[in-house]
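Heads up, structure.txt below (compact mmCIF, C-alpha atoms):
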```
# COMPACT_ATOMS: atom_id res chain seq x y z
CA MET A 1 -9.49 -11.01 -57.14
CA GLN A 2 -12.46 -8.89 -56.10
CA SER A 3 -13.36 -9.14 -52.40
CA ASP A 4 -16.91 -9.01 -51.11
CA GLU A 5 -18.09 -5.69 -49.74
CA PHE A 6 -18.03 -5.60 -45.92
CA LYS A 7 -21.40 -4.98 -44.28
CA ASP A 8 -21.90 -4.45 -40.56
CA ILE A 9 -25.17 -6.25 -39.77
CA ARG A 10 -24.84 -6.07 -35.97
CA LYS A 11 -27.97 -4.93 -34.14
CA TYR A 12 -28.18 -3.51 -30.63
CA SER A 13 -31.92 -3.86 -30.01
CA ILE A 14 -31.37 -6.69 -27.51
CA VAL A 15 -29.08 -4.57 -25.29
CA PRO A 16 -31.86 -2.71 -23.38
CA SER A 17 -33.60 -5.96 -22.45
CA ILE A 18 -30.33 -7.46 -21.20
CA LEU A 19 -29.60 -4.40 -19.05
CA LYS A 20 -33.19 -4.36 -17.76
CA THR A 21 -32.84 -8.00 -16.69
CA LEU A 22 -29.66 -7.04 -14.83
CA GLY A 23 -31.34 -4.03 -13.24
CA LEU A 24 -28.93 -1.64 -14.98
CA GLU A 25 -31.18 0.04 -17.52
CA LYS A 26 -31.10 3.41 -15.67
CA ASN A 27 -27.30 3.53 -15.43
CA LYS A 28 -25.12 5.70 -17.63
CA PHE A 29 -22.52 3.86 -19.75
CA ILE A 30 -19.24 4.75 -21.42
CA LEU A 31 -19.14 3.46 -25.00
CA ILE A 32 -15.70 2.53 -26.35
CA THR A 33 -16.12 3.51 -29.99
CA ASP A 34 -15.12 6.12 -32.54
CA SER A 35 -18.42 5.76 -34.38
CA GLN A 36 -20.95 8.55 -33.85
CA LYS A 37 -23.46 6.45 -35.85
CA LYS A 38 -23.18 3.60 -33.35
CA LEU A 39 -23.58 6.05 -30.47
CA ASN A 40 -26.73 7.50 -32.05
CA GLU A 41 -28.22 4.03 -32.61
CA ILE A 42 -27.78 3.08 -28.96
CA GLU A 43 -29.12 6.41 -27.72
CA CYS A 44 -32.23 5.86 -29.87
CA LEU A 45 -32.86 2.67 -27.86
CA GLY A 46 -33.29 4.81 -24.75
CA LEU A 47 -29.90 4.12 -23.16
CA LYS A 48 -27.73 6.79 -21.55
CA VAL A 49 -24.30 6.57 -23.18
CA GLU A 50 -21.25 8.78 -23.63
CA LYS A 51 -18.43 8.21 -26.07
CA TYR A 52 -15.23 7.10 -24.33
CA ASP A 53 -13.10 9.83 -25.91
CA ASP A 54 -15.57 12.50 -24.79
CA TYR A 55 -15.64 11.07 -21.28
CA ILE A 56 -11.84 10.95 -21.05
CA ALA A 57 -11.61 14.52 -22.30
CA THR A 58 -13.90 15.84 -19.56
CA HIS A 59 -13.29 13.54 -16.57
CA VAL A 60 -10.23 12.69 -14.46
CA THR A 61 -10.56 9.21 -12.96
CA LEU A 62 -8.40 6.57 -11.34
CA GLU A 63 -8.41 4.79 -14.70
CA ASN A 64 -7.00 7.71 -16.68
CA ILE A 65 -5.08 9.78 -14.10
CA ASN A 66 -1.79 8.43 -15.50
CA GLU A 67 -2.55 10.02 -18.88
CA TYR A 68 -2.95 13.41 -17.22
CA LEU A 69 0.22 12.98 -15.15
CA MET A 70 2.29 11.87 -18.16
CA LYS A 71 1.21 14.98 -20.08
CA ILE A 72 2.44 17.09 -17.16
CA ILE A 73 5.75 15.22 -17.16
CA ASP A 74 6.08 15.76 -20.93
CA SER A 75 5.05 19.44 -20.61
CA ASN A 76 2.27 18.67 -23.08
CA TYR A 77 -0.82 19.97 -21.31
CA ASN A 78 -3.13 22.95 -21.06
CA TYR A 79 -5.43 22.17 -18.13
CA SER A 80 -8.17 24.42 -16.85
CA ASN A 81 -8.50 25.11 -13.11
CA GLU A 82 -11.40 22.64 -13.02
CA VAL A 83 -9.21 19.86 -14.46
CA TRP A 84 -6.44 20.63 -11.95
CA GLU A 85 -8.99 20.39 -9.14
CA ASP A 86 -10.13 17.02 -10.49
CA ILE A 87 -6.51 15.80 -10.69
CA PHE A 88 -5.82 16.78 -7.08
CA GLU A 89 -9.10 15.20 -5.94
CA VAL A 90 -8.24 11.87 -7.57
CA LEU A 91 -4.68 11.95 -6.16
CA GLN A 92 -6.09 12.56 -2.68
CA SER A 93 -8.70 9.80 -2.98
CA GLY A 94 -6.54 7.25 -1.15
CA GLU A 95 -7.28 4.68 -3.86
CA LEU A 96 -4.27 5.05 -6.19
CA SER A 97 -2.90 1.80 -7.60
CA GLU A 98 0.78 0.87 -7.64
CA ALA A 99 0.90 1.89 -11.32
CA ASN A 100 -0.60 5.29 -10.45
CA LEU A 101 1.98 5.79 -7.71
CA ASP A 102 4.84 4.90 -10.03
CA VAL A 103 3.83 7.64 -12.49
CA LEU A 104 3.21 10.12 -9.69
CA ASN A 105 6.70 9.37 -8.38
CA LYS A 106 8.16 10.15 -11.82
CA LEU A 107 6.38 13.51 -11.73
CA VAL A 108 7.68 14.22 -8.23
CA ARG A 109 11.20 13.39 -9.40
CA GLU A 110 10.87 15.89 -12.23
CA ILE A 111 9.69 18.55 -9.79
CA THR A 112 12.47 17.93 -7.24
CA ASP A 113 15.42 17.09 -9.54
CA ASN A 114 14.81 19.12 -12.72
CA LYS A 115 15.28 22.84 -12.04
CA GLU A 116 14.07 23.64 -15.56
CA PHE A 117 10.82 21.70 -15.18
CA ALA A 118 7.97 23.94 -16.37
CA LEU A 119 5.17 23.88 -13.82
CA ALA A 120 3.63 26.65 -11.73
CA ASP A 121 5.00 26.83 -8.19
CA ASP A 122 1.58 26.46 -6.57
CA LYS A 123 0.98 23.26 -8.56
CA LYS A 124 4.40 21.93 -7.55
CA ARG A 125 3.68 22.59 -3.87
CA GLU A 126 0.28 20.91 -4.07
CA ILE A 127 1.63 17.80 -5.82
CA LEU A 128 4.55 17.46 -3.37
CA ALA A 129 2.21 17.89 -0.38
CA ILE A 130 -0.16 15.22 -1.71
CA PHE A 131 2.74 12.87 -2.41
CA ASN A 132 4.08 13.31 1.13
CA ASP A 133 0.65 12.52 2.57
CA ILE A 134 0.35 9.42 0.36
CA ILE A 135 3.79 8.10 1.22
CA CYS A 136 3.67 8.74 4.96
CA GLY A 137 -0.04 8.36 5.59
CA LYS A 138 -1.86 9.78 8.57
CA GLU A 139 -0.20 10.37 11.91
CA LYS A 140 -1.30 7.81 14.46
CA LYS A 141 -1.01 7.84 18.23
CA TYR A 142 0.71 4.72 19.60
CA ILE A 143 0.14 4.15 23.32
CA TYR A 144 2.47 1.65 25.01
CA SER A 145 0.63 0.61 28.16
CA ASP A 146 3.58 -1.28 29.68
CA THR A 147 5.85 1.78 29.77
CA GLY A 148 3.23 4.54 29.87
CA LYS A 149 4.81 6.15 26.80
CA THR A 150 2.92 7.64 23.86
CA LYS A 151 4.37 8.26 20.39
CA VAL A 152 2.81 10.06 17.45
CA ARG A 153 4.19 8.44 14.31
CA ASN A 154 3.64 7.93 10.61
CA LYS A 155 3.95 4.61 8.83
CA TYR A 156 5.10 3.86 5.30
CA SER A 157 4.92 0.43 3.63
CA CYS A 158 6.48 -0.55 0.31
CA ARG A 159 7.60 -3.59 -1.63
CA VAL A 160 11.38 -4.05 -1.83
CA SER A 161 13.67 -6.28 -3.90
CA ALA A 162 16.23 -8.78 -2.60
CA LYS A 163 18.90 -6.08 -2.98
CA ILE A 164 17.52 -4.21 0.05
CA PHE A 165 19.72 -6.02 2.59
CA GLY A 166 23.01 -5.46 0.79
CA THR A 167 22.04 -1.86 0.04
CA LEU A 168 21.24 -1.06 3.68
CA LYS A 169 24.46 -2.67 4.89
CA ARG A 170 26.51 -0.67 2.36
CA LEU A 171 24.75 2.60 3.21
CA TYR A 172 25.11 2.22 6.97
CA GLY A 173 28.26 0.10 7.18
CA LYS A 174 26.67 -2.59 9.34
CA ASN A 175 23.73 -4.92 9.77
CA ILE A 176 21.06 -2.51 11.05
CA PHE A 177 18.70 -5.33 12.10
CA ASP A 178 19.11 -6.32 15.74
CA ARG A 179 16.94 -9.43 15.49
CA ILE A 180 14.79 -11.62 13.27
CA ALA A 181 11.51 -13.14 14.44
CA ALA A 182 8.89 -15.63 13.31
CA GLU A 183 5.52 -14.03 13.98
CA GLU A 184 1.94 -15.24 13.97
CA LEU A 185 -0.80 -12.62 14.12
CA TYR A 186 -4.37 -13.39 15.16
CA PHE A 187 -7.12 -10.85 14.47
CA PHE A 188 -10.38 -10.53 16.40
CA LYS A 189 -13.33 -8.14 16.37
CA ASN A 190 -15.38 -7.12 19.37
CA LYS A 191 -18.98 -8.01 18.45
CA GLN A 192 -20.45 -5.23 20.58
CA ASN A 193 -18.45 -2.16 19.59
CA GLY A 194 -16.69 -3.37 16.41
CA MET A 195 -13.22 -2.58 17.81
CA LYS A 196 -10.39 -4.56 16.19
CA LEU A 197 -7.85 -6.45 18.25
CA LYS A 198 -4.62 -8.18 17.23
CA ILE A 199 -2.51 -10.71 19.12
CA ARG A 200 1.08 -11.07 17.89
CA ASN A 201 3.04 -14.16 19.01
CA SER A 202 6.76 -13.79 18.26
CA GLU A 203 9.71 -16.17 18.47
CA ILE A 204 13.24 -14.72 18.18
CA LEU A 205 15.07 -16.80 15.58
CA ALA A 206 18.44 -15.01 15.74
CA ILE A 207 20.00 -11.88 17.24
CA ARG A 208 22.79 -9.67 15.93
CA ASP A 209 24.88 -9.49 19.11
CA ASN A 210 24.68 -9.40 22.90
CA LYS A 211 23.72 -5.71 22.82
CA THR A 212 20.27 -6.70 21.61
CA SER A 213 17.55 -6.42 24.27
CA TYR A 214 15.98 -9.76 23.30
CA LEU A 215 17.41 -13.24 23.75
CA ASN A 216 17.86 -15.82 21.03
CA GLY A 217 14.91 -18.23 21.17
CA GLN A 218 12.82 -15.90 23.34
CA ILE A 219 9.04 -16.10 22.87
CA TYR A 220 6.75 -13.17 23.68
CA SER A 221 3.26 -11.91 22.88
CA GLN A 222 1.79 -8.49 22.28
CA GLN A 223 -1.79 -7.25 22.18
CA THR A 224 -2.84 -4.34 19.94
CA ILE A 225 -6.21 -2.60 20.16
CA PHE A 226 -7.26 -0.26 17.33
CA SER A 227 -9.63 2.68 17.70
CA GLU A 228 -12.58 2.86 15.32
CA ASP A 229 -10.74 5.26 12.98
CA ASN A 230 -7.42 3.35 13.34
CA GLU A 231 -5.69 6.56 14.47
CA ARG A 232 -5.24 5.53 18.11
CA ILE A 233 -3.42 2.27 18.79
CA VAL A 234 -2.88 0.78 22.24
CA GLU A 235 -0.19 -1.89 22.66
CA ASN A 236 0.86 -3.99 25.62
CA GLU A 237 2.64 -7.28 26.29
CA LEU A 238 0.65 -10.22 27.59
CA ALA A 239 1.03 -13.90 28.39
CA GLY A 240 0.90 -16.18 25.36
CA SER A 241 -1.86 -18.19 27.01
CA ARG A 242 -4.21 -15.20 26.70
CA LEU A 243 -4.71 -15.98 23.01
CA ARG A 244 -6.88 -18.95 23.90
CA THR A 245 -9.21 -16.79 25.98
CA TYR A 246 -10.18 -14.72 22.94
CA PHE A 247 -11.12 -17.86 21.00
CA GLU A 248 -13.28 -18.95 23.95
CA ASN A 249 -14.83 -15.53 24.57
CA ASP A 250 -18.22 -15.17 22.83
CA ALA A 251 -17.80 -11.37 22.81
CA TYR A 252 -15.06 -11.67 20.18
CA GLU A 253 -15.24 -12.89 16.60
CA TYR A 254 -12.12 -14.54 15.14
CA VAL A 255 -11.26 -12.91 11.79
CA LYS A 256 -8.00 -14.29 10.38
CA LYS A 257 -4.42 -15.42 10.98
CA LEU A 258 -1.23 -14.11 9.35
CA GLN A 259 2.26 -15.61 9.39
CA MET A 260 5.46 -13.73 8.63
CA VAL A 261 9.20 -13.71 9.22
CA THR A 262 10.42 -10.23 10.15
CA PHE A 263 13.81 -8.49 10.18
CA ILE A 264 13.56 -5.90 12.99
CA SER A 265 15.54 -2.66 13.33
CA GLU A 266 14.45 -0.57 16.34
CA GLY A 267 16.47 2.49 17.32
CA GLN A 268 19.39 1.52 15.09
CA ILE A 269 19.37 4.40 12.57
CA GLY A 270 18.13 7.84 13.53
CA ASN A 271 14.55 8.19 14.64
CA ILE A 272 12.98 5.52 12.43
CA ASP A 273 12.19 1.87 13.05
CA ILE A 274 12.34 -0.54 10.11
CA TYR A 275 10.70 -3.93 9.64
CA ILE A 276 11.26 -6.06 6.55
CA LYS A 277 8.75 -8.90 6.32
CA ARG A 278 8.42 -12.02 4.28
CA LEU A 279 4.75 -12.84 3.84
CA PRO A 280 2.91 -15.75 2.22
CA LYS A 281 1.50 -15.14 -1.27
CA VAL A 282 3.45 -11.85 -1.62
CA GLU A 283 6.22 -11.36 -4.16
CA ASN A 284 9.47 -9.90 -2.80
CA ARG A 285 9.39 -8.53 0.75
CA ILE A 286 7.43 -5.75 2.42
CA MET A 287 9.23 -2.98 4.31
CA ASP A 288 7.46 -0.96 7.02
CA ILE A 289 9.03 2.28 8.25
CA TYR A 290 7.81 4.13 11.35
CA GLY A 291 8.83 7.70 12.20
CA SER A 292 8.08 11.31 11.36
CA LYS A 293 7.13 12.33 7.83
CA GLU A 294 10.44 14.12 7.37
CA ASP A 295 12.57 11.18 8.54
CA ILE A 296 10.59 8.68 6.46
CA ARG A 297 10.84 10.80 3.29
CA GLU A 298 14.60 11.28 3.73
CA PHE A 299 15.11 7.54 4.14
CA VAL A 300 12.80 6.61 1.25
CA ASP A 301 14.39 9.15 -1.10
CA GLU A 302 17.82 7.69 -0.39
CA LEU A 303 16.61 4.17 -1.12
CA ASP A 304 14.70 5.29 -4.20
CA ASP A 305 18.02 6.40 -5.70
CA GLU A 306 19.33 2.87 -5.10
CA ASN A 307 16.52 1.26 -7.14
CA VAL A 308 15.53 -1.25 -4.45
CA ILE A 309 11.92 -0.12 -3.95
CA SER A 310 9.84 -2.06 -6.46
CA SER A 311 6.49 -0.62 -5.42
CA LEU A 312 6.09 2.75 -3.73
CA LYS A 313 3.15 1.93 -1.54
CA VAL A 314 1.37 -1.26 -0.56
CA GLU A 315 -1.70 -2.00 1.46
CA ASP A 316 -1.12 -2.89 5.08
CA GLU A 317 -1.36 -6.66 5.57
CA ASP A 318 -3.67 -5.94 8.51
CA ASN A 319 -6.30 -5.22 5.85
CA ALA A 320 -5.97 -8.67 4.24
CA LYS A 321 -9.39 -10.25 3.95
CA SER A 322 -8.33 -13.86 4.65
CA ASN A 323 -5.65 -16.03 6.25
CA MET A 324 -2.08 -15.69 4.97
CA ILE A 325 -0.21 -18.87 5.93
CA PHE A 326 3.00 -20.38 4.54
CA SER A 327 2.70 -23.80 2.92
CA ASP A 328 5.99 -24.67 4.72
CA TYR A 329 6.64 -22.21 7.53
CA GLN A 330 9.90 -23.90 8.61
CA VAL A 331 11.45 -23.50 5.16
CA ALA A 332 10.57 -19.79 5.18
CA LYS A 333 12.16 -19.41 8.63
CA ASP A 334 15.34 -21.25 7.59
CA GLU A 335 15.76 -19.15 4.45
CA GLU A 336 15.36 -15.84 6.29
CA VAL A 337 17.69 -16.90 9.13
CA HIS A 338 20.29 -17.80 6.50
CA MET A 339 19.97 -14.26 5.08
CA PHE A 340 20.30 -12.80 8.59
CA GLY A 341 23.51 -14.81 9.08
CA ILE A 342 24.93 -13.39 5.86
CA LEU A 343 24.10 -9.87 7.05
CA ASN A 344 26.00 -10.49 10.28
CA ASN A 345 29.17 -11.51 8.43
CA ASP A 346 31.71 -8.72 8.16
```

Turn this file's structure into structure tokens for me.
Amino acid sequence: MQSDEFKDIRKYSIVPSILKTLGLEKNKFILITDSQKKLNEIECLGLKVEKYDDYIATHVTLENINEYLMKIIDSNYNYSNEVWEDIFEVLQSGELSEANLDVLNKLVREITDNKEFALADDKKREILAIFNDIICGKEKKYIYSDTGKTKVRNKYSCRVSAKIFGTLKRLYGKNIFDRIAAEELYFFKNKQNGMKLKIRNSEILAIRDNKTSYLNGQIYSQQTIFSEDNERIVENELAGSRLRTYFENDAYEYVKKLQMVTFISEGQIGNIDIYIKRLPKVENRIMDIYGSKEDIREFVDELDDENVISSLKVEDEDNAKSNMIFSDYQVAKDEEVHMFGILNND
């Protein structure tokens, strides 16, 4: 049977008018095509376009950084100094996705574990330094008004699987969490200076033993004030009734409310504090680690070998744009307290 000859009768003359209506006619576009003829037709209509393959070949972006990293891992690259600069710039952008971080972690593993890995020493040092900065973030100054103490610390947040509790107990030979708390966080913004403020109301649901500084069932509140650049954080305890005053104060704008159930380990292992949180609308649990860069990296590397970290870096829930509230808060509390009880069993 003889088939009809295929003819491409598509026309692109309407495209400029559509883009003009959208106010986009002066923008430059990336055209996903292998056809130079199609590219020429669209350019003849007065549009600024670049073929996708050409763009990828000359630009390093968040969308294609994984391709560049995988070629490094496979030792299948020949990058100019300009491309290396672009790679480092994208890695330092602070906007890497979880998928980007996963590939970057594979590259870091090759650098640290494979002595035969072919990569110039200066490139290795740069990649490792960037990775450390990504994982541990910026140092922040925490000022505890009640005690007059100040600590300079880094913070790392990641998503962890349900195996985290059993893994930590096996690694350290005990339940490292001294308490578990139900917490409600209320966020406000000062209308005059834009400063952010957080009120944390906590209820202790269970404690590990009588050596814990908090009492079972104890309720307490904490106020946190963030500097404009979020690098200076002032914390102090306050009466729970103070929360109402912020709702009634016209100088403050209420922003959102977050609920969570948190396993808390403070001063239990080395110089790091660990918080594992169950949050609404979030798969698995989130683990926050506070300490120095060196202590955080040592701890994370040990856990990474155990395959319990399911996402290397997650956004701080403080940056959530809306309320995060459990549909049944009591069920969430009961389930986490049950897990805490299992951890306490020898």

Counting only C-alpha atoms, which residues have an atom no more than 6 Å from (2.6, 7.5, 19.7) in the file's coordinates? Please list them as a ChimeraX atom specification. /A:141-143,150-153

State, in Å with one decimal place, the distance from atom CA of A:Leu107 to atom CA of A:Ile309.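 These two atoms are separated by 16.6 Å.
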
Shortest contact to A:Arg278, candidates A:Val308, A:Asn249, A:Glu183, A:Gly240, atoms counted all atoms listed in the file, goes to A:Glu183

Mind listing as JSON, numbers by chain all residues within 6 Å of (8.3, 10.8, 0.0), counting all atoms listed in the file? {"A": [132, 135, 297]}

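Distance check against A:Asn230 using all atoms listed in the file: of A:Leu197, A:Leu215, A:Gln268, A:Asn76, the minimum falls on A:Leu197.
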
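Counting only C-alpha atoms, the residue from A:Met70, A:Ser202, A:Ala182, A:Asp229 that sits nearest to A:Asp334 is A:Ala182.
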
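Take atom CA of A:Phe299 and atom CA of A:Asp133: the distance between them is 15.4 Å.
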
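Compared by their closest atoms to A:Gln218, and using all atoms listed in the file, the residues A:Ile233, A:Ile134, A:Ile164, A:Ala181 rank with A:Ala181 nearest.
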
Atomic separation - atom CA of A:Tyr77 relative to atom CA of A:Lys28, Å: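 Atom CA of A:Lys28 sits 28.4 Å away from atom CA of A:Tyr77.
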
Which residues come within 9 Å of A:Ser75, counting all atoms listed in the file, excluding same-chain residues fewer than 2 positions away, as a list in words?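 Final neighbour list, sorted by chain and number: Met70, Lys71, Ile72, Ile73, Tyr77, Asn78, Phe117, Ala118 and Leu119 of chain A.
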